[in-house]
file my_file_29.pdb (PDB, C-alpha atoms)
ATOM      1  CA  MET F   2     209.546  62.434 142.915  1.00  0.00           C
ATOM      2  CA  LYS F   3     208.092  64.968 145.358  1.00  0.00           C
ATOM      3  CA  HIS F   4     204.983  65.475 143.221  1.00  0.00           C
ATOM      4  CA  SER F   5     204.495  61.728 142.704  1.00  0.00           C
ATOM      5  CA  ILE F   6     204.511  60.975 146.428  1.00  0.00           C
ATOM      6  CA  VAL F   7     202.339  63.949 147.411  1.00  0.00           C
ATOM      7  CA  CYS F   8     199.735  63.208 144.728  1.00  0.00           C
ATOM      8  CA  VAL F   9     199.445  59.567 145.694  1.00  0.00           C
ATOM      9  CA  LEU F  10     198.718  60.359 149.377  1.00  0.00           C
ATOM     10  CA  PHE F  11     195.097  61.064 148.429  1.00  0.00           C
ATOM     11  CA  LEU F  12     194.807  57.509 147.104  1.00  0.00           C
ATOM     12  CA  LEU F  13     196.363  56.163 150.287  1.00  0.00           C
ATOM     13  CA  ILE F  14     193.684  57.771 152.441  1.00  0.00           C
ATOM     14  CA  LEU F  15     190.878  56.433 150.244  1.00  0.00           C
ATOM     15  CA  SER F  16     192.131  52.870 150.648  1.00  0.00           C
ATOM     16  CA  ALA F  17     193.320  53.095 154.233  1.00  0.00           C
ATOM     17  CA  CYS F  18     192.253  49.583 155.180  1.00  0.00           C
ATOM     18  CA  SER F  19     192.000  46.352 153.222  1.00  0.00           C
ATOM     19  CA  ASN F  20     191.105  42.690 153.635  1.00  0.00           C
ATOM     20  CA  SER F  21     190.504  39.696 151.377  1.00  0.00           C
ATOM     21  CA  ASP F  22     188.440  36.564 151.896  1.00  0.00           C
ATOM     22  CA  GLN F  23     189.880  34.797 148.870  1.00  0.00           C
ATOM     23  CA  GLU F  24     193.640  34.701 149.270  1.00  0.00           C
ATOM     24  CA  VAL F  25     196.188  35.417 151.961  1.00  0.00           C
ATOM     25  CA  ALA F  26     197.619  38.906 151.531  1.00  0.00           C
ATOM     26  CA  ILE F  27     200.637  38.539 153.811  1.00  0.00           C
ATOM     27  CA  THR F  28     202.669  35.381 154.332  1.00  0.00           C
ATOM     28  CA  LYS F  29     205.754  34.587 156.379  1.00  0.00           C
ATOM     29  CA  LYS F  30     208.512  32.115 155.605  1.00  0.00           C
ATOM     30  CA  SER F  31     211.250  30.990 157.961  1.00  0.00           C
ATOM     31  CA  VAL F  32     214.687  31.435 156.419  1.00  0.00           C
ATOM     32  CA  LYS F  33     218.196  31.062 157.770  1.00  0.00           C
ATOM     33  CA  THR F  34     219.920  34.428 157.896  1.00  0.00           C
ATOM     34  CA  ASP F  35     222.324  36.295 160.087  1.00  0.00           C
ATOM     35  CA  GLU F  36     220.657  37.626 163.255  1.00  0.00           C
ATOM     36  CA  THR F  37     221.166  41.227 162.123  1.00  0.00           C
ATOM     37  CA  VAL F  38     220.518  40.912 158.386  1.00  0.00           C
ATOM     38  CA  GLN F  39     217.831  43.066 156.800  1.00  0.00           C
ATOM     39  CA  GLU F  40     218.070  43.108 153.022  1.00  0.00           C
ATOM     40  CA  ASP F  41     216.489  45.657 150.704  1.00  0.00           C
ATOM     41  CA  PRO F  42     212.885  44.801 149.765  1.00  0.00           C
ATOM     42  CA  VAL F  43     212.283  43.319 146.314  1.00  0.00           C
ATOM     43  CA  LEU F  44     209.328  43.576 143.912  1.00  0.00           C
ATOM     44  CA  GLU F  45     208.672  40.205 142.251  1.00  0.00           C
ATOM     45  CA  ASP F  46     206.277  38.985 139.559  1.00  0.00           C
ATOM     46  CA  THR F  47     204.879  35.595 140.660  1.00  0.00           C
ATOM     47  CA  SER F  48     202.366  35.163 137.833  1.00  0.00           C
ATOM     48  CA  MET F  49     204.463  32.349 136.279  1.00  0.00           C
ATOM     49  CA  ASP F  50     202.482  31.018 133.299  1.00  0.00           C
ATOM     50  CA  SER F  51     199.377  33.045 134.106  1.00  0.00           C
ATOM     51  CA  GLU F  52     198.534  35.985 131.858  1.00  0.00           C
ATOM     52  CA  GLU F  53     197.402  37.972 134.902  1.00  0.00           C
ATOM     53  CA  GLU F  54     200.188  39.913 136.593  1.00  0.00           C
ATOM     54  CA  LYS F  55     200.706  38.988 140.256  1.00  0.00           C
ATOM     55  CA  MET F  56     203.161  41.260 142.003  1.00  0.00           C
ATOM     56  CA  VAL F  57     204.494  40.745 145.516  1.00  0.00           C
ATOM     57  CA  LEU F  58     206.843  42.672 147.776  1.00  0.00           C
ATOM     58  CA  GLU F  59     209.421  40.555 149.592  1.00  0.00           C
ATOM     59  CA  PHE F  60     211.093  41.732 152.795  1.00  0.00           C
ATOM     60  CA  THR F  61     213.928  39.752 154.370  1.00  0.00           C
ATOM     61  CA  LEU F  62     214.261  40.208 158.122  1.00  0.00           C
ATOM     62  CA  PRO F  63     216.415  38.233 160.563  1.00  0.00           C
ATOM     63  CA  ASN F  64     215.412  34.566 160.101  1.00  0.00           C
ATOM     64  CA  GLU F  65     212.198  35.307 158.226  1.00  0.00           C
ATOM     65  CA  GLN F  66     210.857  36.512 154.909  1.00  0.00           C
ATOM     66  CA  ILE F  67     207.616  38.494 154.671  1.00  0.00           C
ATOM     67  CA  ILE F  68     205.749  38.408 151.361  1.00  0.00           C
ATOM     68  CA  ILE F  69     203.032  40.990 150.660  1.00  0.00           C
ATOM     69  CA  ASN F  70     200.604  40.207 147.841  1.00  0.00           C
ATOM     70  CA  LEU F  71     199.942  43.623 146.294  1.00  0.00           C
ATOM     71  CA  GLU F  72     196.688  42.449 144.730  1.00  0.00           C
ATOM     72  CA  HIS F  73     195.190  42.209 148.210  1.00  0.00           C
ATOM     73  CA  VAL F  74     196.812  45.313 149.700  1.00  0.00           C
ATOM     74  CA  PRO F  75     195.495  47.953 147.264  1.00  0.00           C
ATOM     75  CA  ILE F  76     196.973  50.867 149.174  1.00  0.00           C
ATOM     76  CA  LEU F  77     200.488  49.676 148.265  1.00  0.00           C
ATOM     77  CA  SER F  78     199.547  48.700 144.739  1.00  0.00           C
ATOM     78  CA  GLN F  79     198.085  52.165 144.075  1.00  0.00           C
ATOM     79  CA  PHE F  80     201.087  53.865 145.625  1.00  0.00           C
ATOM     80  CA  LEU F  81     203.580  51.982 143.444  1.00  0.00           C
ATOM     81  CA  ARG F  82     201.567  52.676 140.303  1.00  0.00           C
ATOM     82  CA  GLY F  83     201.652  56.389 141.097  1.00  0.00           C
ATOM     83  CA  VAL F  84     205.437  56.839 141.377  1.00  0.00           C
ATOM     84  CA  ASN F  85     207.978  57.215 138.594  1.00  0.00           C
ATOM     85  CA  ASP F  86     210.904  55.361 140.156  1.00  0.00           C
ATOM     86  CA  GLN F  87     209.550  52.179 141.765  1.00  0.00           C
ATOM     87  CA  LYS F  88     212.986  50.781 142.579  1.00  0.00           C
ATOM     88  CA  ALA F  89     213.956  53.896 144.538  1.00  0.00           C
ATOM     89  CA  VAL F  90     210.785  54.066 146.645  1.00  0.00           C
ATOM     90  CA  ILE F  91     210.870  50.304 147.326  1.00  0.00           C
ATOM     91  CA  ARG F  92     214.506  50.537 148.400  1.00  0.00           C
ATOM     92  CA  ASP F  93     213.513  53.263 150.892  1.00  0.00           C
ATOM     93  CA  MET F  94     210.763  51.150 152.471  1.00  0.00           C
ATOM     94  CA  GLU F  95     211.325  49.609 155.889  1.00  0.00           C
ATOM     95  CA  LEU F  96     209.383  46.798 157.553  1.00  0.00           C
ATOM     96  CA  ILE F  97     209.378  46.985 161.361  1.00  0.00           C
ATOM     97  CA  LYS F  98     208.438  43.885 163.340  1.00  0.00           C
ATOM     98  CA  LEU F  99     206.107  44.441 166.296  1.00  0.00           C
ATOM     99  CA  GLU F 100     205.420  41.615 168.734  1.00  0.00           C
ATOM    100  CA  VAL F 101     202.314  41.496 170.908  1.00  0.00           C
ATOM    101  CA  SER F 102     202.041  38.409 173.130  1.00  0.00           C
ATOM    102  CA  LYS F 103     204.365  36.527 170.743  1.00  0.00           C
ATOM    103  CA  GLN F 104     202.048  37.319 167.808  1.00  0.00           C
ATOM    104  CA  PRO F 105     203.980  39.173 165.090  1.00  0.00           C
ATOM    105  CA  TYR F 106     202.584  42.303 163.481  1.00  0.00           C
ATOM    106  CA  TYR F 107     204.457  44.521 161.064  1.00  0.00           C
ATOM    107  CA  LEU F 108     204.652  48.264 160.499  1.00  0.00           C
ATOM    108  CA  LEU F 109     205.533  49.263 156.944  1.00  0.00           C
ATOM    109  CA  GLU F 110     207.262  52.616 156.507  1.00  0.00           C
ATOM    110  CA  PHE F 111     206.856  53.931 152.958  1.00  0.00           C
ATOM    111  CA  ALA F 112     206.190  57.028 150.807  1.00  0.00           C
ATOM    112  CA  CYS F 113     208.947  58.945 152.600  1.00  0.00           C
ATOM    113  CA  TYR F 114     209.761  62.536 151.696  1.00  0.00           C
ATOM    114  CA  GLN F 115     211.890  64.975 153.702  1.00  0.00           C
ATOM    115  CA  GLU F 116     211.997  62.670 156.751  1.00  0.00           C
ATOM    116  CA  ARG F 117     208.219  62.172 156.750  1.00  0.00           C
ATOM    117  CA  CYS F 118     206.641  58.830 155.892  1.00  0.00           C
ATOM    118  CA  SER F 119     203.372  56.913 155.752  1.00  0.00           C
ATOM    119  CA  TYR F 120     202.843  53.921 158.066  1.00  0.00           C
ATOM    120  CA  LEU F 121     200.784  50.842 157.278  1.00  0.00           C
ATOM    121  CA  LEU F 122     200.005  48.320 160.024  1.00  0.00           C
ATOM    122  CA  LEU F 123     200.000  44.716 158.761  1.00  0.00           C
ATOM    123  CA  ASP F 124     198.571  41.587 160.370  1.00  0.00           C
ATOM    124  CA  GLN F 125     200.178  38.389 159.089  1.00  0.00           C
ATOM    125  CA  SER F 126     197.591  36.120 160.720  1.00  0.00           C
ATOM    126  CA  GLY F 127     194.248  35.239 159.110  1.00  0.00           C
ATOM    127  CA  ASN F 128     193.598  36.981 155.801  1.00  0.00           C
ATOM    128  CA  GLY F 129     196.336  39.544 156.306  1.00  0.00           C
ATOM    129  CA  GLN F 130     194.608  42.770 157.297  1.00  0.00           C
ATOM    130  CA  SER F 131     196.178  46.189 156.834  1.00  0.00           C
ATOM    131  CA  PHE F 132     195.441  49.696 158.093  1.00  0.00           C
ATOM    132  CA  LEU F 133     196.980  53.075 157.272  1.00  0.00           C
ATOM    133  CA  LEU F 134     197.833  54.694 160.618  1.00  0.00           C
ATOM    134  CA  THR F 135     199.275  58.057 159.602  1.00  0.00           C
ATOM    135  CA  ASP F 136     201.006  60.076 156.869  1.00  0.00           C
ATOM    136  CA  LEU F 137     203.834  62.616 156.829  1.00  0.00           C
ATOM    137  CA  ALA F 138     205.314  61.521 160.156  1.00  0.00           C
ATOM    138  CA  ARG F 139     208.059  59.474 161.821  1.00  0.00           C
ATOM    139  CA  TYR F 140     207.436  56.406 163.962  1.00  0.00           C
ATOM    140  CA  LYS F 141     208.797  56.712 167.508  1.00  0.00           C
ATOM    141  CA  GLN F 142     207.439  53.855 169.618  1.00  0.00           C
ATOM    142  CA  MET F 143     204.790  51.162 170.125  1.00  0.00           C
ATOM    143  CA  ALA F 144     203.627  49.694 173.427  1.00  0.00           C
ATOM    144  CA  PRO F 145     201.087  46.860 173.776  1.00  0.00           C
ATOM    145  CA  SER F 146     198.324  47.180 176.366  1.00  0.00           C
ATOM    146  CA  PRO F 147     198.622  44.983 179.483  1.00  0.00           C
ATOM    147  CA  ASP F 148     195.977  42.581 178.108  1.00  0.00           C
ATOM    148  CA  ASN F 149     197.686  42.534 174.664  1.00  0.00           C
ATOM    149  CA  THR F 150     194.528  43.567 172.795  1.00  0.00           C
ATOM    150  CA  LYS F 151     195.628  47.074 171.802  1.00  0.00           C
ATOM    151  CA  MET F 152     198.693  48.960 170.602  1.00  0.00           C
ATOM    152  CA  LEU F 153     199.754  52.451 171.622  1.00  0.00           C
ATOM    153  CA  PHE F 154     201.635  54.252 168.836  1.00  0.00           C
ATOM    154  CA  LEU F 155     203.615  57.478 169.081  1.00  0.00           C
ATOM    155  CA  PHE F 156     204.401  59.372 165.865  1.00  0.00           C
ATOM    156  CA  GLU F 157     206.433  62.554 165.388  1.00  0.00           C
ATOM    157  CA  ARG F 158     206.502  65.512 163.015  1.00  0.00           C
ATOM    158  CA  LYS F 159     209.312  68.040 162.683  1.00  0.00           C
ATOM    159  CA  LYS F 160     209.026  71.608 161.488  1.00  0.00           C
ATOM    160  CA  THR F 161     211.049  74.813 161.667  1.00  0.00           C
ATOM    161  CA  LYS F 162     209.469  78.053 162.852  1.00  0.00           C
ATOM    162  CA  ASN F 163     211.369  81.296 163.359  1.00  0.00           C
ATOM    163  CA  GLN F 164     214.641  79.346 162.983  1.00  0.00           C
ATOM    164  CA  THR F 165     213.631  76.985 165.818  1.00  0.00           C
ATOM    165  CA  THR F 166     213.230  73.249 165.147  1.00  0.00           C
ATOM    166  CA  LEU F 167     209.996  71.977 166.685  1.00  0.00           C
ATOM    167  CA  PHE F 168     208.872  68.391 167.259  1.00  0.00           C
ATOM    168  CA  THR F 169     205.207  67.575 167.817  1.00  0.00           C
ATOM    169  CA  HIS F 170     203.590  64.190 168.324  1.00  0.00           C
ATOM    170  CA  GLN F 171     200.469  62.139 167.795  1.00  0.00           C
ATOM    171  CA  VAL F 172     199.245  59.290 169.999  1.00  0.00           C
ATOM    172  CA  GLN F 173     197.167  56.542 168.418  1.00  0.00           C
ATOM    173  CA  ILE F 174     195.498  53.581 170.086  1.00  0.00           C
ATOM    174  CA  PHE F 175     194.699  50.633 167.824  1.00  0.00           C
ATOM    175  CA  ASP F 176     192.486  47.673 168.771  1.00  0.00           C
ATOM    176  CA  ILE F 177     194.054  44.616 167.127  1.00  0.00           C
ATOM    177  CA  GLU F 178     191.077  42.359 167.909  1.00  0.00           C
ATOM    178  CA  GLU F 179     188.501  44.688 166.320  1.00  0.00           C
ATOM    179  CA  TRP F 180     191.115  45.966 163.841  1.00  0.00           C
ATOM    180  CA  LYS F 181     190.224  49.630 164.204  1.00  0.00           C
ATOM    181  CA  PRO F 182     191.472  52.775 165.976  1.00  0.00           C
ATOM    182  CA  VAL F 183     190.222  53.588 169.467  1.00  0.00           C
ATOM    183  CA  LYS F 184     189.381  57.155 170.448  1.00  0.00           C
ATOM    184  CA  VAL F 185     190.886  58.714 173.541  1.00  0.00           C
ATOM    185  CA  GLU F 186     188.637  60.889 175.693  1.00  0.00           C
ATOM    186  CA  THR F 187     190.175  64.355 175.855  1.00  0.00           C
ATOM    187  CA  GLU F 188     188.795  67.842 175.377  1.00  0.00           C
ATOM    188  CA  GLU F 189     191.579  69.835 176.987  1.00  0.00           C
ATOM    189  CA  TYR F 190     194.463  68.332 175.002  1.00  0.00           C
ATOM    190  CA  SER F 191     194.853  67.671 171.311  1.00  0.00           C
ATOM    191  CA  LEU F 192     196.880  64.538 170.606  1.00  0.00           C
ATOM    192  CA  ASP F 193     197.157  65.242 166.881  1.00  0.00           C
ATOM    193  CA  TYR F 194     200.604  66.821 166.359  1.00  0.00           C
ATOM    194  CA  SER F 195     199.898  69.932 168.426  1.00  0.00           C
ATOM    195  CA  LEU F 196     202.285  69.352 171.370  1.00  0.00           C
ATOM    196  CA  PRO F 197     205.532  67.521 172.130  1.00  0.00           C
ATOM    197  CA  ILE F 198     204.798  64.220 173.898  1.00  0.00           C
ATOM    198  CA  LEU F 199     207.939  63.079 175.688  1.00  0.00           C
ATOM    199  CA  ASN F 200     206.621  59.700 176.803  1.00  0.00           C
ATOM    200  CA  ALA F 201     203.508  57.564 176.376  1.00  0.00           C
ATOM    201  CA  SER F 202     202.662  54.442 178.375  1.00  0.00           C
ATOM    202  CA  TRP F 203     199.778  52.309 179.609  1.00  0.00           C
ATOM    203  CA  GLU F 204     198.353  52.919 183.083  1.00  0.00           C
ATOM    204  CA  ASN F 205     195.957  49.972 182.664  1.00  0.00           C
ATOM    205  CA  ASP F 206     193.939  48.369 179.844  1.00  0.00           C
ATOM    206  CA  GLU F 207     191.644  51.393 179.509  1.00  0.00           C
ATOM    207  CA  GLN F 208     193.888  54.299 180.453  1.00  0.00           C
ATOM    208  CA  ILE F 209     197.148  55.801 179.187  1.00  0.00           C
ATOM    209  CA  GLU F 210     199.620  58.216 180.760  1.00  0.00           C
ATOM    210  CA  LEU F 211     201.388  60.897 178.732  1.00  0.00           C
ATOM    211  CA  SER F 212     204.258  63.219 179.566  1.00  0.00           C
ATOM    212  CA  ILE F 213     203.585  66.381 177.547  1.00  0.00           C
ATOM    213  CA  ALA F 214     205.192  69.784 177.146  1.00  0.00           C
ATOM    214  CA  ASP F 215     203.857  72.174 179.791  1.00  0.00           C
ATOM    215  CA  VAL F 216     203.431  75.440 177.899  1.00  0.00           C
ATOM    216  CA  SER F 217     200.644  76.806 180.111  1.00  0.00           C
ATOM    217  CA  SER F 218     203.061  77.961 182.831  1.00  0.00           C
ATOM    218  CA  LEU F 219     205.264  79.944 180.453  1.00  0.00           C
ATOM    219  CA  GLU F 220     205.284  83.718 180.140  1.00  0.00           C
ATOM    220  CA  SER F 221     204.835  83.189 176.409  1.00  0.00           C
ATOM    221  CA  PRO F 222     202.822  79.949 176.033  1.00  0.00           C
ATOM    222  CA  THR F 223     204.163  78.929 172.633  1.00  0.00           C
ATOM    223  CA  LEU F 224     206.122  75.919 171.418  1.00  0.00           C
ATOM    224  CA  GLU F 225     208.984  78.118 170.231  1.00  0.00           C
ATOM    225  CA  TYR F 226     209.367  79.577 173.716  1.00  0.00           C
ATOM    226  CA  TRP F 227     209.077  76.133 175.364  1.00  0.00           C
ATOM    227  CA  TYR F 228     211.945  74.781 173.253  1.00  0.00           C
ATOM    228  CA  THR F 229     214.208  77.618 174.432  1.00  0.00           C
ATOM    229  CA  SER F 230     213.116  77.281 178.086  1.00  0.00           C
ATOM    230  CA  GLU F 231     213.716  74.586 180.713  1.00  0.00           C
ATOM    231  CA  LYS F 232     211.282  72.341 178.799  1.00  0.00           C
ATOM    232  CA  ARG F 233     209.051  71.575 181.739  1.00  0.00           C
ATOM    233  CA  THR F 234     206.608  68.711 181.337  1.00  0.00           C
ATOM    234  CA  ARG F 235     203.430  67.542 182.996  1.00  0.00           C
ATOM    235  CA  LYS F 236     201.820  64.118 183.218  1.00  0.00           C
ATOM    236  CA  ILE F 237     198.223  63.522 182.218  1.00  0.00           C
ATOM    237  CA  LYS F 238     196.051  60.406 182.290  1.00  0.00           C
ATOM    238  CA  LEU F 239     193.507  59.797 179.553  1.00  0.00           C
ATOM    239  CA  THR F 240     190.757  57.188 179.291  1.00  0.00           C
ATOM    240  CA  LEU F 241     189.900  55.264 176.138  1.00  0.00           C
ATOM    241  CA  SER F 242     186.426  55.756 174.692  1.00  0.00           C
ATOM    242  CA  ASN F 243     184.109  52.740 174.733  1.00  0.00           C
TER     243      ASN F 243
END
call {"tool": "encode", "arguments": {"input": "my_file_29.pdb", "output": "C-alpha cells"}}
result
Amino acid sequence: MKHSIVCVLFLLILSACSNSDQEVAITKKSVKTDETVQEDPVLEDTSMDSEEEKMVLEFTLPNEQIIINLEHVPILSQFLRGVNDQKAVIRDMELIKLEVSKQPYYLLEFACYQERCSYLLLDQSGNGQSFLLTDLARYKQMAPSPDNTKMLFLFERKKTKNQTTLFTHQVQIFDIEEWKPVKVETEEYSLDYSLPILNASWENDEQIELSIADVSSLESPTLEYWYTSEKRTRKIKLTLSN
C-alpha cells in the first residue's frame, strides 16, 4: 500500500485543481441524522442503465450528505485507480466541513500514510471547484479572513531527528473568490515546513500574525535544541502579496 500511495502523489500534483462547465462535481443533500453521526464514505456506481461508468463518493456528515462526482474531480479518480485496496483507502478518508460566512466548504483528507495525508479543498457552490493544498502533512486549523474572502490554513509535519520528535508547519492563504493560493511576503522566514508555528491568525484582511519558534536566541540555533529548551516564541506580522 505504501508504494501505491507514494506513486500516485505525482498524479495528484499534476491534477491539483479541477473544474467542469458541464455537470456539477459536488452536491449536497439534507438528511436527517444524529448530530454527531459521521459514517464511513462509500463509493457508488450511479451509471444505472448507461454503459458509461459513473462513480461517486458519498460522505455522510451530521444532517447532510456530500456527493463527489469522480468524473469531474480527476485528482480523486486518478488516486483511486492507482491503489490496490480501494475500500481501505476510502474508509480512511475524512471530510471536514469548513464554514466561511455561512457558506460551506469542505476539506478532504485522503492518501494517508504514516500520519501524513493529502488535502483537497472543495467548493460545493457553482460547478464544484477543487484544489490540492498540500501533501504528506496533517491539518491543524483554518481561519477565515475578516472579510470572508480568504482562508488561512495551518498544516503540520512530524519527523524524528537524533531521537527527538520535531513538528514543523506550513501556512497557506487561499483566496476563495479567485480560487487560488495567495503568496505571503517574507524573505526572512520560510513558511514551508521549516519552523514550528504555534499559532496563526489574521491581523486584518491583508496581514497575518504568526507565533513561531525563536531559535535565533539559542546557543545552538537548531530545532532539536529548541525542543529541549524553554521553547521561546516570537510574533511576526506578514503581509499578503497583491
call {"tool": "resolve_selection", "arguments": {"input": "my_file_29.pdb", "expression": "the PyMOL selection byres ((chain F and resi 124) around 8)", "output": "ChimeraX atom specification"}}
result
/F:27,105-107,122-123,125-127,129-131
call {"tool": "write_last_selection", "arguments": {"input": "my_file_29.pdb", "atoms": "C-alpha atoms", "output": "compact mmCIF listing (two decimals), in the frame of the given file"}}
result
# COMPACT_ATOMS: atom_id res chain seq x y z
CA ILE F 27 200.64 38.54 153.81
CA PRO F 105 203.98 39.17 165.09
CA TYR F 106 202.58 42.30 163.48
CA TYR F 107 204.46 44.52 161.06
CA LEU F 122 200.00 48.32 160.02
CA LEU F 123 200.00 44.72 158.76
CA GLN F 125 200.18 38.39 159.09
CA SER F 126 197.59 36.12 160.72
CA GLY F 127 194.25 35.24 159.11
CA GLY F 129 196.34 39.54 156.31
CA GLN F 130 194.61 42.77 157.30
CA SER F 131 196.18 46.19 156.83
call {"tool": "closest_residue", "arguments": {"input": "my_file_29.pdb", "among": "F:Val74, F:Lys162, F:Ala26, F:Ile209", "to": "Thr223 in chain F", "atoms": "all atoms listed in the file"}}
result
F:Lys162
call {"tool": "residues_around", "arguments": {"input": "my_file_29.pdb", "residues": "range 190-199 of chain F", "least_positions_apart": "2", "cutoff": "8 Å", "atoms": "only C-alpha atoms", "output": "list in words"}}
result
Glu157, Arg158, Phe168, Thr169, His170, Gln171, Val172, Thr187, Glu188, Ala201, Leu211, Ser212, Ile213, Ala214 and Leu224 of chain F
call {"tool": "residues_around", "arguments": {"input": "my_file_29.pdb", "residues": "Glu95 in chain F", "least_positions_apart": "2", "cutoff": "12 Å", "atoms": "all atoms listed in the file", "output": "NGL selection string"}}
result
:F and (39-43 or 58-62 or 67 or 90-93 or 97-98 or 107-113 or 118-121 or 139-140)
call {"tool": "write_last_selection", "arguments": {"input": "my_file_29.pdb", "atoms": "C-alpha atoms", "output": "PDB file, in the coordinates of the input"}}
result
ATOM      1  CA  GLN F  39     217.831  43.066 156.800  1.00  0.00           C
ATOM      2  CA  GLU F  40     218.070  43.108 153.022  1.00  0.00           C
ATOM      3  CA  ASP F  41     216.489  45.657 150.704  1.00  0.00           C
ATOM      4  CA  PRO F  42     212.885  44.801 149.765  1.00  0.00           C
ATOM      5  CA  VAL F  43     212.283  43.319 146.314  1.00  0.00           C
ATOM      6  CA  LEU F  58     206.843  42.672 147.776  1.00  0.00           C
ATOM      7  CA  GLU F  59     209.421  40.555 149.592  1.00  0.00           C
ATOM      8  CA  PHE F  60     211.093  41.732 152.795  1.00  0.00           C
ATOM      9  CA  THR F  61     213.928  39.752 154.370  1.00  0.00           C
ATOM     10  CA  LEU F  62     214.261  40.208 158.122  1.00  0.00           C
ATOM     11  CA  ILE F  67     207.616  38.494 154.671  1.00  0.00           C
ATOM     12  CA  VAL F  90     210.785  54.066 146.645  1.00  0.00           C
ATOM     13  CA  ILE F  91     210.870  50.304 147.326  1.00  0.00           C
ATOM     14  CA  ARG F  92     214.506  50.537 148.400  1.00  0.00           C
ATOM     15  CA  ASP F  93     213.513  53.263 150.892  1.00  0.00           C
ATOM     16  CA  ILE F  97     209.378  46.985 161.361  1.00  0.00           C
ATOM     17  CA  LYS F  98     208.438  43.885 163.340  1.00  0.00           C
ATOM     18  CA  TYR F 107     204.457  44.521 161.064  1.00  0.00           C
ATOM     19  CA  LEU F 108     204.652  48.264 160.499  1.00  0.00           C
ATOM     20  CA  LEU F 109     205.533  49.263 156.944  1.00  0.00           C
ATOM     21  CA  GLU F 110     207.262  52.616 156.507  1.00  0.00           C
ATOM     22  CA  PHE F 111     206.856  53.931 152.958  1.00  0.00           C
ATOM     23  CA  ALA F 112     206.190  57.028 150.807  1.00  0.00           C
ATOM     24  CA  CYS F 113     208.947  58.945 152.600  1.00  0.00           C
ATOM     25  CA  CYS F 118     206.641  58.830 155.892  1.00  0.00           C
ATOM     26  CA  SER F 119     203.372  56.913 155.752  1.00  0.00           C
ATOM     27  CA  TYR F 120     202.843  53.921 158.066  1.00  0.00           C
ATOM     28  CA  LEU F 121     200.784  50.842 157.278  1.00  0.00           C
ATOM     29  CA  ARG F 139     208.059  59.474 161.821  1.00  0.00           C
ATOM     30  CA  TYR F 140     207.436  56.406 163.962  1.00  0.00           C
TER      31      TYR F 140
END
call {"tool": "closest_residue", "arguments": {"input": "my_file_29.pdb", "among": "F:Ser48, F:Gln115, F:Gln87, F:Ser242", "to": "Ala138 in chain F", "atoms": "only C-alpha atoms"}}
result
F:Gln115
call {"tool": "resolve_selection", "arguments": {"input": "my_file_29.pdb", "expression": "the PyMOL selection byres ((chain F and resi 237-240) around 6)", "output": "tab-separated table (two decimals) with C-alpha atoms, keeping the file's coordinate frame"}}
result
chain	number	residue	atom	x	y	z
F	185	VAL	CA	190.89	58.71	173.54
F	186	GLU	CA	188.64	60.89	175.69
F	207	GLU	CA	191.64	51.39	179.51
F	208	GLN	CA	193.89	54.30	180.45
F	209	ILE	CA	197.15	55.80	179.19
F	210	GLU	CA	199.62	58.22	180.76
F	211	LEU	CA	201.39	60.90	178.73
F	236	LYS	CA	201.82	64.12	183.22
F	241	LEU	CA	189.90	55.26	176.14
call {"tool": "resolve_selection", "arguments": {"input": "my_file_29.pdb", "expression": "the PyMOL selection byres ((chain F and resi 232) around 10)", "output": "VMD selection string"}}
result
chain F and resid 213 to 216 219 224 226 to 231 233 to 234
call {"tool": "atom_distance", "arguments": {"input": "my_file_29.pdb", "atom1": "CA of Thr34 in chain F", "atom2": "CA of Asn70 in chain F"}}
result
22.5 Å
call {"tool": "atom_distance", "arguments": {"input": "my_file_29.pdb", "atom1": "CA of Leu153 in chain F", "atom2": "CA of Glu116 in chain F"}}
result
21.8 Å
call {"tool": "axis_aligned_box", "arguments": {"input": "my_file_29.pdb", "around": "range 89-108 of chain F", "padding_each_side": "4 Å", "output": "lines of an AutoDock Vina configuration file"}}
result
center_x = 208.3
center_y = 45.3
center_z = 158.8
size_x = 20.5
size_y = 25.5
size_z = 36.6
call {"tool": "closest_residue", "arguments": {"input": "my_file_29.pdb", "among": "F:Asn149, F:Thr166, F:Thr135, F:Ser218", "to": "Glu100 in chain F", "atoms": "only C-alpha atoms"}}
result
F:Asn149
call {"tool": "atom_distance", "arguments": {"input": "my_file_29.pdb", "atom1": "CA of Ser31 in chain F", "atom2": "CA of Gln66 in chain F"}}
result
6.3 Å
call {"tool": "residues_around", "arguments": {"input": "my_file_29.pdb", "residues": "Ala144 in chain F", "least_positions_apart": "6", "cutoff": "7 Å", "atoms": "all atoms listed in the file", "output": "list in words"}}
result
Met152, Leu153, Phe154 and Ser202 of chain F
call {"tool": "closest_residue", "arguments": {"input": "my_file_29.pdb", "among": "F:Ser78, F:Ile177, F:Glu225, F:Lys151", "to": "Asn163 in chain F", "atoms": "all atoms listed in the file"}}
result
F:Glu225
call {"tool": "closest_residue", "arguments": {"input": "my_file_29.pdb", "among": "F:Thr47, F:Ser102, F:Thr28, F:Ser146", "to": "Ile174 in chain F", "atoms": "all atoms listed in the file"}}
result
F:Ser146
